[in-house]
$ cat data27.txt   # compact mmCIF, N, CA and C atoms
# COMPACT_ATOMS: atom_id res chain seq x y z
N MET F 50 -10.49 -9.67 -1.18
CA MET F 50 -10.15 -8.36 -1.67
C MET F 50 -11.00 -7.28 -1.00
N LEU F 51 -12.15 -7.69 -0.50
CA LEU F 51 -12.98 -6.75 0.25
C LEU F 51 -12.25 -6.30 1.52
N LEU F 52 -11.61 -7.23 2.20
CA LEU F 52 -10.87 -6.88 3.41
C LEU F 52 -9.62 -6.06 3.10
N VAL F 53 -8.97 -6.32 1.99
CA VAL F 53 -7.83 -5.51 1.58
C VAL F 53 -8.28 -4.09 1.27
N SER F 54 -9.43 -3.97 0.63
CA SER F 54 -9.98 -2.64 0.35
C SER F 54 -10.29 -1.91 1.64
N ALA F 55 -10.90 -2.61 2.58
CA ALA F 55 -11.21 -2.00 3.88
C ALA F 55 -9.93 -1.59 4.60
N ALA F 56 -8.90 -2.43 4.53
CA ALA F 56 -7.63 -2.09 5.18
C ALA F 56 -7.00 -0.86 4.54
N ALA F 57 -7.04 -0.78 3.21
CA ALA F 57 -6.44 0.36 2.51
C ALA F 57 -7.20 1.65 2.79
N LEU F 58 -8.52 1.56 2.92
CA LEU F 58 -9.30 2.77 3.19
C LEU F 58 -9.25 3.17 4.66
N THR F 59 -8.99 2.21 5.53
CA THR F 59 -8.90 2.50 6.95
C THR F 59 -7.53 3.05 7.32
N LYS F 60 -6.52 2.37 6.83
CA LYS F 60 -5.13 2.78 7.09
C LYS F 60 -4.42 2.66 5.75
N TYR F 61 -3.88 3.77 5.26
CA TYR F 61 -3.31 3.79 3.91
C TYR F 61 -2.24 2.72 3.72
N PHE F 62 -1.55 2.34 4.78
CA PHE F 62 -0.51 1.33 4.68
C PHE F 62 -1.08 -0.02 4.25
N GLY F 63 -2.39 -0.19 4.38
CA GLY F 63 -3.04 -1.43 3.98
C GLY F 63 -2.93 -1.73 2.50
N ILE F 64 -2.65 -0.73 1.69
CA ILE F 64 -2.51 -0.96 0.25
C ILE F 64 -1.28 -1.82 -0.05
N THR F 65 -0.35 -1.90 0.89
CA THR F 65 0.84 -2.73 0.68
C THR F 65 0.51 -4.22 0.69
N LEU F 66 -0.69 -4.57 1.07
CA LEU F 66 -1.10 -5.97 0.99
C LEU F 66 -1.24 -6.45 -0.45
N LEU F 67 -1.51 -5.55 -1.38
CA LEU F 67 -1.70 -5.94 -2.78
C LEU F 67 -0.48 -6.63 -3.39
N PRO F 68 0.70 -6.01 -3.36
CA PRO F 68 1.84 -6.73 -3.95
C PRO F 68 2.20 -8.00 -3.18
N LEU F 69 2.03 -7.98 -1.88
CA LEU F 69 2.31 -9.17 -1.08
C LEU F 69 1.40 -10.33 -1.48
N LEU F 70 0.12 -10.06 -1.61
CA LEU F 70 -0.82 -11.11 -2.00
C LEU F 70 -0.66 -11.51 -3.47
N ALA F 71 -0.24 -10.57 -4.31
CA ALA F 71 -0.01 -10.91 -5.72
C ALA F 71 1.16 -11.89 -5.85
N VAL F 72 2.23 -11.63 -5.13
CA VAL F 72 3.38 -12.54 -5.15
C VAL F 72 2.99 -13.89 -4.59
N TYR F 73 2.24 -13.90 -3.51
CA TYR F 73 1.79 -15.16 -2.93
C TYR F 73 0.91 -15.95 -3.90
N THR F 74 0.00 -15.25 -4.56
CA THR F 74 -0.90 -15.90 -5.51
C THR F 74 -0.13 -16.51 -6.67
N LEU F 75 0.82 -15.77 -7.21
CA LEU F 75 1.60 -16.28 -8.33
C LEU F 75 2.58 -17.36 -7.91
N ALA F 76 3.10 -17.29 -6.70
CA ALA F 76 4.02 -18.32 -6.22
C ALA F 76 3.28 -19.63 -5.96
N ARG F 77 2.04 -19.53 -5.52
CA ARG F 77 1.26 -20.72 -5.23
C ARG F 77 0.87 -21.45 -6.51
N ASP F 78 0.48 -20.71 -7.52
CA ASP F 78 0.08 -21.33 -8.78
C ASP F 78 0.36 -20.33 -9.90
N ARG F 79 1.35 -20.61 -10.71
CA ARG F 79 1.76 -19.68 -11.76
C ARG F 79 0.74 -19.53 -12.88
N ARG F 80 -0.21 -20.41 -12.97
CA ARG F 80 -1.21 -20.36 -14.05
C ARG F 80 -2.47 -19.61 -13.63
N CYS F 81 -2.46 -18.90 -12.56
CA CYS F 81 -3.69 -18.27 -12.05
C CYS F 81 -3.73 -16.77 -12.34
N TRP F 82 -3.36 -16.38 -13.53
CA TRP F 82 -3.36 -14.97 -13.89
C TRP F 82 -4.76 -14.37 -13.82
N ARG F 83 -5.79 -15.17 -14.04
CA ARG F 83 -7.17 -14.64 -13.97
C ARG F 83 -7.53 -14.22 -12.56
N GLN F 84 -6.94 -14.87 -11.56
CA GLN F 84 -7.24 -14.49 -10.18
C GLN F 84 -6.72 -13.10 -9.84
N LEU F 85 -5.73 -12.65 -10.60
CA LEU F 85 -5.19 -11.32 -10.35
C LEU F 85 -6.18 -10.22 -10.73
N LEU F 86 -7.23 -10.56 -11.46
CA LEU F 86 -8.26 -9.56 -11.77
C LEU F 86 -8.96 -9.08 -10.51
N TRP F 87 -9.00 -9.93 -9.48
CA TRP F 87 -9.60 -9.51 -8.21
C TRP F 87 -8.83 -8.36 -7.58
N PHE F 88 -7.57 -8.20 -7.94
CA PHE F 88 -6.76 -7.14 -7.37
C PHE F 88 -7.18 -5.77 -7.88
N CYS F 89 -7.99 -5.74 -8.90
CA CYS F 89 -8.51 -4.47 -9.41
C CYS F 89 -9.53 -3.86 -8.45
N PHE F 90 -10.17 -4.69 -7.64
CA PHE F 90 -11.20 -4.19 -6.73
C PHE F 90 -10.64 -3.21 -5.69
N PRO F 91 -9.57 -3.54 -4.96
CA PRO F 91 -9.02 -2.54 -4.02
C PRO F 91 -8.46 -1.31 -4.72
N ILE F 92 -7.88 -1.50 -5.89
CA ILE F 92 -7.35 -0.34 -6.63
C ILE F 92 -8.49 0.58 -7.03
N ALA F 93 -9.60 0.00 -7.49
CA ALA F 93 -10.77 0.80 -7.85
C ALA F 93 -11.37 1.47 -6.62
N ALA F 94 -11.38 0.79 -5.49
CA ALA F 94 -11.93 1.37 -4.27
C ALA F 94 -11.12 2.59 -3.84
N VAL F 95 -9.80 2.49 -3.90
CA VAL F 95 -8.95 3.63 -3.53
C VAL F 95 -9.10 4.75 -4.55
N ALA F 96 -9.21 4.40 -5.83
CA ALA F 96 -9.39 5.43 -6.87
C ALA F 96 -10.71 6.17 -6.69
N VAL F 97 -11.78 5.45 -6.40
CA VAL F 97 -13.08 6.09 -6.17
C VAL F 97 -13.02 6.96 -4.92
N TYR F 98 -12.36 6.47 -3.88
CA TYR F 98 -12.19 7.24 -2.64
C TYR F 98 -11.45 8.54 -2.93
N ASP F 99 -10.38 8.47 -3.71
CA ASP F 99 -9.64 9.68 -4.05
C ASP F 99 -10.47 10.63 -4.90
N PHE F 100 -11.23 10.09 -5.85
CA PHE F 100 -12.10 10.92 -6.68
C PHE F 100 -13.14 11.64 -5.83
N LEU F 101 -13.76 10.90 -4.90
CA LEU F 101 -14.77 11.52 -4.04
C LEU F 101 -14.17 12.53 -3.07
N SER F 102 -12.99 12.25 -2.55
CA SER F 102 -12.36 13.22 -1.65
C SER F 102 -11.90 14.45 -2.42
N GLN F 103 -11.49 14.27 -3.67
CA GLN F 103 -11.14 15.43 -4.51
C GLN F 103 -12.36 16.31 -4.74
N ALA F 104 -13.50 15.69 -4.99
CA ALA F 104 -14.73 16.45 -5.22
C ALA F 104 -15.20 17.13 -3.93
N GLN F 105 -15.05 16.45 -2.81
CA GLN F 105 -15.56 16.98 -1.54
C GLN F 105 -14.63 18.03 -0.93
N TYR F 106 -13.33 17.74 -0.89
CA TYR F 106 -12.39 18.59 -0.15
C TYR F 106 -11.45 19.40 -1.02
N GLY F 107 -11.44 19.14 -2.31
CA GLY F 107 -10.56 19.90 -3.20
C GLY F 107 -9.20 19.29 -3.42
N HIS F 108 -8.89 18.21 -2.73
CA HIS F 108 -7.65 17.48 -2.97
C HIS F 108 -7.85 16.01 -2.61
N ALA F 109 -7.14 15.17 -3.32
CA ALA F 109 -7.27 13.73 -3.11
C ALA F 109 -6.45 13.33 -1.89
N LEU F 110 -7.08 12.70 -0.92
CA LEU F 110 -6.43 12.41 0.35
C LEU F 110 -5.34 11.34 0.22
N PHE F 111 -5.61 10.28 -0.51
CA PHE F 111 -4.63 9.20 -0.64
C PHE F 111 -3.38 9.69 -1.38
N VAL F 112 -3.58 10.37 -2.48
CA VAL F 112 -2.46 10.89 -3.26
C VAL F 112 -1.72 11.96 -2.47
N SER F 113 -2.43 12.79 -1.73
CA SER F 113 -1.78 13.81 -0.91
C SER F 113 -0.90 13.19 0.17
N ALA F 114 -1.34 12.09 0.75
CA ALA F 114 -0.53 11.39 1.75
C ALA F 114 0.74 10.84 1.12
N ALA F 115 0.64 10.33 -0.09
CA ALA F 115 1.83 9.82 -0.78
C ALA F 115 2.80 10.95 -1.10
N TYR F 116 2.29 12.08 -1.55
CA TYR F 116 3.15 13.22 -1.85
C TYR F 116 3.82 13.74 -0.58
N TYR F 117 3.09 13.79 0.50
CA TYR F 117 3.65 14.27 1.76
C TYR F 117 4.78 13.35 2.21
N SER F 118 4.58 12.06 2.09
CA SER F 118 5.62 11.10 2.46
C SER F 118 6.87 11.30 1.62
N ARG F 119 6.69 11.54 0.34
CA ARG F 119 7.83 11.77 -0.55
C ARG F 119 8.55 13.07 -0.19
N GLU F 120 7.81 14.11 0.16
CA GLU F 120 8.42 15.38 0.54
C GLU F 120 9.23 15.25 1.83
N VAL F 121 8.69 14.54 2.79
CA VAL F 121 9.40 14.36 4.06
C VAL F 121 10.67 13.53 3.84
N ALA F 122 10.59 12.50 3.01
CA ALA F 122 11.76 11.68 2.72
C ALA F 122 12.84 12.50 2.01
N ALA F 123 12.43 13.42 1.13
CA ALA F 123 13.40 14.26 0.44
C ALA F 123 14.00 15.30 1.38
N LYS F 124 13.22 15.79 2.32
CA LYS F 124 13.69 16.82 3.23
C LYS F 124 14.68 16.27 4.24
N TYR F 125 14.40 15.11 4.78
CA TYR F 125 15.25 14.50 5.79
C TYR F 125 15.94 13.28 5.20
N LYS F 126 17.09 13.52 4.63
CA LYS F 126 17.86 12.42 4.04
C LYS F 126 18.37 11.53 5.17
N VAL F 127 17.97 10.27 5.14
CA VAL F 127 18.38 9.32 6.16
C VAL F 127 19.32 8.31 5.51
N SER F 128 20.40 7.99 6.20
CA SER F 128 21.38 7.06 5.65
C SER F 128 20.80 5.66 5.53
N LEU F 129 21.39 4.87 4.66
CA LEU F 129 20.93 3.51 4.44
C LEU F 129 21.00 2.65 5.71
N PRO F 130 22.08 2.71 6.50
CA PRO F 130 22.09 1.92 7.74
C PRO F 130 20.97 2.31 8.72
N ALA F 131 20.67 3.59 8.78
CA ALA F 131 19.58 4.03 9.65
C ALA F 131 18.23 3.53 9.14
N GLN F 132 18.06 3.52 7.82
CA GLN F 132 16.82 2.99 7.25
C GLN F 132 16.69 1.51 7.52
N LEU F 133 17.79 0.75 7.36
CA LEU F 133 17.77 -0.68 7.65
C LEU F 133 17.47 -0.95 9.11
N PHE F 134 18.08 -0.18 9.99
CA PHE F 134 17.84 -0.33 11.43
C PHE F 134 16.38 -0.06 11.76
N THR F 135 15.83 0.99 11.19
CA THR F 135 14.42 1.32 11.42
C THR F 135 13.51 0.23 10.87
N GLY F 136 13.82 -0.26 9.68
CA GLY F 136 13.01 -1.32 9.08
C GLY F 136 13.04 -2.60 9.90
N LEU F 137 14.22 -2.98 10.37
CA LEU F 137 14.33 -4.18 11.20
C LEU F 137 13.61 -4.00 12.53
N ALA F 138 13.74 -2.83 13.10
CA ALA F 138 13.05 -2.57 14.37
C ALA F 138 11.53 -2.61 14.17
N PHE F 139 11.08 -2.08 13.04
CA PHE F 139 9.64 -2.09 12.76
C PHE F 139 9.15 -3.52 12.57
N CYS F 140 9.96 -4.36 11.95
CA CYS F 140 9.57 -5.77 11.71
C CYS F 140 9.92 -6.67 12.89
N ARG F 141 10.34 -6.09 13.98
CA ARG F 141 10.73 -6.81 15.19
C ARG F 141 11.92 -7.71 14.93
N GLY F 142 12.79 -7.27 14.02
CA GLY F 142 14.01 -8.00 13.74
C GLY F 142 15.08 -7.71 14.76
N LEU F 143 14.92 -6.60 15.45
CA LEU F 143 15.86 -6.24 16.51
C LEU F 143 15.09 -6.11 17.80
N HIS F 144 15.60 -6.71 18.81
CA HIS F 144 14.97 -6.60 20.14
C HIS F 144 15.90 -5.80 21.02
N LEU F 145 15.53 -4.57 21.25
CA LEU F 145 16.37 -3.68 22.05
C LEU F 145 15.94 -3.67 23.48

$ encode --input "data27.txt" --output "structure tokens"
Amino acid sequence: MLLVSAAALTKYFGITLLPLLAVYTLARDRRCWRQLLWFCFPIAAVAVYDFLSQAQYGHALFVSAAYYSREVAAKYKVSLPAQLFTGLAFCRGLHL
């Protein structure tokens, strides 16, 4: 979880590792709910980072990035086929 925290603080997209690892953890052993407590560490790290950036700069950087992404998505409506194409290209599902 230390590396997930570092990934999330280095590149915001790193926070997407949390649900991926949670599903993997639960799929591997359904009785390991206590292990999910470790997932609080990256969430706390990002929350502390946002609190400190709010105090330092006047706005929370992580939350501001999420709001900006939502605003851009609302401004530029992209069709579902275009989103699927972009997603597949990003995942190297299409070789052009």

$ atom_distance --input "data27.txt" --atom1 "CA of Ser54 (chain F)" --atom2 "atom C of Leu86 (chain F)"
12.7 Å

$ select_by_dssp --input "data27.txt" --residues "chain F" --states "alpha helix (DSSP H)" --output "JSON, numbers by chain"
{"F": [51, 52, 53, 54, 55, 56, 57, 58, 59, 66, 67, 68, 69, 70, 71, 72, 73, 74, 75, 76, 77, 89, 90, 91, 92, 93, 94, 95, 96, 97, 98, 99, 100, 101, 102, 103, 104, 105, 106, 110, 111, 112, 113, 114, 115, 116, 117, 118, 119, 120, 121, 122, 123, 124, 129, 130, 131, 132, 133, 134, 135, 136, 137, 138, 139]}

$ axis_aligned_box --input "data27.txt" --around "region 83-99 of chain F" --padding-each-side "5 Å" --output "lines of an AutoDock Vina configuration file"
center_x = -9.1
center_y = -2.3
center_z = -8.3
size_x = 17.9
size_y = 35.8
size_z = 21.4

$ atom_distance --input "data27.txt" --atom1 "CA of Gln103 (chain F)" --atom2 "CA of Leu58 (chain F)"
14.9 Å

$ atom_distance --input "data27.txt" --atom1 "CA of Leu67 (chain F)" --atom2 "CA of Cys89 (chain F)"
9.6 Å
